[in-house]
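Have a look at the structure below before the remarks.
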Amino acid sequence: ESGVPSERLVRRLQAAYDLFHFGHVKRIVVSGGTGPEGHDEAIVMRNTLVMFVVREPDIIVDSAGVDTMATARNYAALAKSEGLGAPVIVSDYFHIERVRLALRKCGVDTAFNRRADFDFHIKELWYVPREVIGYYMYLLFLRC
């Protein structure tokens with residue numbers, strides 16, 4: 001609500017920063033939309049990465065990534081226009097396979113992923129089943 005990223009989001013950003021810092025990726029794409037709190041998640045992520053000492057030109061901001069499929073569509077378009085290669089997916093362990101499926105449906109192959117450091121939270125009792133249902137919904141019904 002305050003525009004400060006959650007601990008879970010900071011762990012994902014730290015994982016992305018580590019990949020960037022050690023030269024495994026050249027740019028970081030942050031994707032998210034404006035939630036009911038009124039904050040653009042992609043901008044919050046960019047600002048956090050800048051605090052981690054990532055230069056703004058090395059960060060691509062997708063403020064139209066309002067859900068996983070929108071993020072996949074937007075990345076596919078970016079990959080063509082910016083000449084980006086296969087992305088390294090950075091997310092929580094329970095979300096990576098749905099991201100990979102969405103990207104594949106949009107014609108983007110992914111070879112690698114990096115999960116954020118694990119720290120169990122009671123909300124995972126909802127997140128994990130939601131991802132299972134979401135994966136099959138994407139698999140059966142959604143197209144890029």
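Here, A, B, ... name the chains of the structure tokens in the order displayed, residue numbers run from 1 inside each chain, and ligands are numbered from 1 in the same displayed order.
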
- Could you pull the residues within 8 Å of Phe112 (chain A), counting only C-alpha atoms, minus those fewer than 2 positions along the same chain, as an MDAnalysis selection string? chainID A and resid 87:89 110 114

Just write the chosen residues, N, CA and C atoms, as an mmCIF file, in the first residue's frame.
data_model
loop_
_atom_site.group_PDB
_atom_site.id
_atom_site.type_symbol
_atom_site.label_atom_id
_atom_site.label_comp_id
_atom_site.auth_asym_id
_atom_site.auth_seq_id
_atom_site.Cartn_x
_atom_site.Cartn_y
_atom_site.Cartn_z
ATOM 1 N N PRO A 87 14.571 -15.224 -22.362
ATOM 2 C CA PRO A 87 14.701 -14.643 -21.022
ATOM 3 C C PRO A 87 15.068 -15.683 -19.975
ATOM 4 N N VAL A 88 15.667 -15.202 -18.918
ATOM 5 C CA VAL A 88 15.827 -15.990 -17.701
ATOM 6 C C VAL A 88 14.664 -15.574 -16.809
ATOM 7 N N ILE A 89 13.787 -16.508 -16.512
ATOM 8 C CA ILE A 89 12.617 -16.199 -15.692
ATOM 9 C C ILE A 89 13.055 -16.109 -14.236
ATOM 10 N N THR A 110 12.351 -20.518 -23.324
ATOM 11 C CA THR A 110 13.127 -20.201 -22.130
ATOM 12 C C THR A 110 13.915 -21.435 -21.741
ATOM 13 N N ARG A 114 15.362 -18.722 -12.496
ATOM 14 C CA ARG A 114 15.982 -18.507 -11.184
ATOM 15 C C ARG A 114 14.860 -18.194 -10.223
#

- Query: Hey, what does DSSP flag as strand (DSSP E) within region 1-142 of chain A? Can you give it to me as a PyMOL selection string?
  - Reply: chain A and resi 28-31+59-62+88-91+112-115

The selected residues should be written to file as a PDB file, in the first residue's frame (atoms: N, CA, C and O atoms).
ATOM      1  N   ILE A  28      17.506  -6.213 -17.426  1.00  0.00           N
ATOM      2  CA  ILE A  28      16.454  -6.757 -16.592  1.00  0.00           C
ATOM      3  C   ILE A  28      15.128  -6.165 -17.053  1.00  0.00           C
ATOM      4  O   ILE A  28      15.013  -4.945 -17.203  1.00  0.00           O
ATOM      5  N   VAL A  29      14.157  -7.029 -17.312  1.00  0.00           N
ATOM      6  CA  VAL A  29      12.807  -6.587 -17.659  1.00  0.00           C
ATOM      7  C   VAL A  29      11.953  -6.752 -16.413  1.00  0.00           C
ATOM      8  O   VAL A  29      11.888  -7.845 -15.845  1.00  0.00           O
ATOM      9  N   VAL A  30      11.333  -5.669 -15.978  1.00  0.00           N
ATOM     10  CA  VAL A  30      10.390  -5.730 -14.857  1.00  0.00           C
ATOM     11  C   VAL A  30       8.996  -5.518 -15.417  1.00  0.00           C
ATOM     12  O   VAL A  30       8.784  -4.677 -16.283  1.00  0.00           O
ATOM     13  N   SER A  31       8.060  -6.311 -14.935  1.00  0.00           N
ATOM     14  CA  SER A  31       6.724  -6.268 -15.507  1.00  0.00           C
ATOM     15  C   SER A  31       5.680  -6.300 -14.406  1.00  0.00           C
ATOM     16  O   SER A  31       5.776  -7.083 -13.466  1.00  0.00           O
ATOM     17  N   ILE A  59      17.454  -1.413 -17.426  1.00  0.00           N
ATOM     18  CA  ILE A  59      16.166  -1.923 -16.951  1.00  0.00           C
ATOM     19  C   ILE A  59      15.087  -1.559 -17.979  1.00  0.00           C
ATOM     20  O   ILE A  59      14.955  -0.402 -18.360  1.00  0.00           O
ATOM     21  N   ILE A  60      14.346  -2.555 -18.416  1.00  0.00           N
ATOM     22  CA  ILE A  60      13.206  -2.328 -19.307  1.00  0.00           C
ATOM     23  C   ILE A  60      11.947  -2.446 -18.458  1.00  0.00           C
ATOM     24  O   ILE A  60      11.746  -3.441 -17.772  1.00  0.00           O
ATOM     25  N   VAL A  61      11.117  -1.409 -18.503  1.00  0.00           N
ATOM     26  CA  VAL A  61       9.914  -1.356 -17.680  1.00  0.00           C
ATOM     27  C   VAL A  61       8.689  -1.675 -18.532  1.00  0.00           C
ATOM     28  O   VAL A  61       8.428  -1.013 -19.535  1.00  0.00           O
ATOM     29  N   ASP A  62       7.949  -2.698 -18.113  1.00  0.00           N
ATOM     30  CA  ASP A  62       6.687  -3.076 -18.756  1.00  0.00           C
ATOM     31  C   ASP A  62       5.567  -2.811 -17.752  1.00  0.00           C
ATOM     32  O   ASP A  62       5.260  -3.650 -16.912  1.00  0.00           O
ATOM     33  N   VAL A  88      15.667 -15.202 -18.918  1.00  0.00           N
ATOM     34  CA  VAL A  88      15.827 -15.990 -17.701  1.00  0.00           C
ATOM     35  C   VAL A  88      14.664 -15.574 -16.809  1.00  0.00           C
ATOM     36  O   VAL A  88      14.551 -14.408 -16.439  1.00  0.00           O
ATOM     37  N   ILE A  89      13.787 -16.508 -16.512  1.00  0.00           N
ATOM     38  CA  ILE A  89      12.617 -16.199 -15.692  1.00  0.00           C
ATOM     39  C   ILE A  89      13.055 -16.109 -14.236  1.00  0.00           C
ATOM     40  O   ILE A  89      13.717 -17.009 -13.728  1.00  0.00           O
ATOM     41  N   VAL A  90      12.654 -15.030 -13.584  1.00  0.00           N
ATOM     42  CA  VAL A  90      12.898 -14.888 -12.147  1.00  0.00           C
ATOM     43  C   VAL A  90      11.548 -14.702 -11.477  1.00  0.00           C
ATOM     44  O   VAL A  90      10.825 -13.750 -11.774  1.00  0.00           O
ATOM     45  N   SER A  91      11.206 -15.638 -10.612  1.00  0.00           N
ATOM     46  CA  SER A  91       9.941 -15.559  -9.901  1.00  0.00           C
ATOM     47  C   SER A  91      10.010 -16.464  -8.682  1.00  0.00           C
ATOM     48  O   SER A  91      11.061 -17.032  -8.381  1.00  0.00           O
ATOM     49  N   PHE A 112      16.280 -21.203 -19.042  1.00  0.00           N
ATOM     50  CA  PHE A 112      16.729 -21.083 -17.662  1.00  0.00           C
ATOM     51  C   PHE A 112      15.716 -20.327 -16.819  1.00  0.00           C
ATOM     52  O   PHE A 112      14.924 -19.553 -17.328  1.00  0.00           O
ATOM     53  N   ASN A 113      15.790 -20.568 -15.527  1.00  0.00           N
ATOM     54  CA  ASN A 113      14.999 -19.781 -14.591  1.00  0.00           C
ATOM     55  C   ASN A 113      15.778 -19.666 -13.294  1.00  0.00           C
ATOM     56  O   ASN A 113      16.726 -20.398 -13.052  1.00  0.00           O
ATOM     57  N   ARG A 114      15.362 -18.722 -12.496  1.00  0.00           N
ATOM     58  CA  ARG A 114      15.982 -18.507 -11.184  1.00  0.00           C
ATOM     59  C   ARG A 114      14.860 -18.194 -10.223  1.00  0.00           C
ATOM     60  O   ARG A 114      14.155 -17.212 -10.387  1.00  0.00           O
ATOM     61  N   ARG A 115      14.671 -19.037  -9.259  1.00  0.00           N
ATOM     62  CA  ARG A 115      13.636 -18.767  -8.275  1.00  0.00           C
ATOM     63  C   ARG A 115      14.192 -17.854  -7.200  1.00  0.00           C
ATOM     64  O   ARG A 115      15.386 -17.856  -6.922  1.00  0.00           O
TER      65      ARG A 115
END

- Atomic separation - CA of Phe94 (chain A) relative to CA of Phe120 (chain A), Å: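 Between these atoms lies a distance of 11.6 Å.
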
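Distances to Tyr75 (chain A) were evaluated for A:Leu103, A:Leu9, A:Leu19, A:Met137 using only C-alpha atoms, and the minimum falls at A:Leu103.
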
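Reported to one decimal place, the separation of CA of Thr71 (chain A) from CA of Ala15 (chain A) is 18.6 Å.
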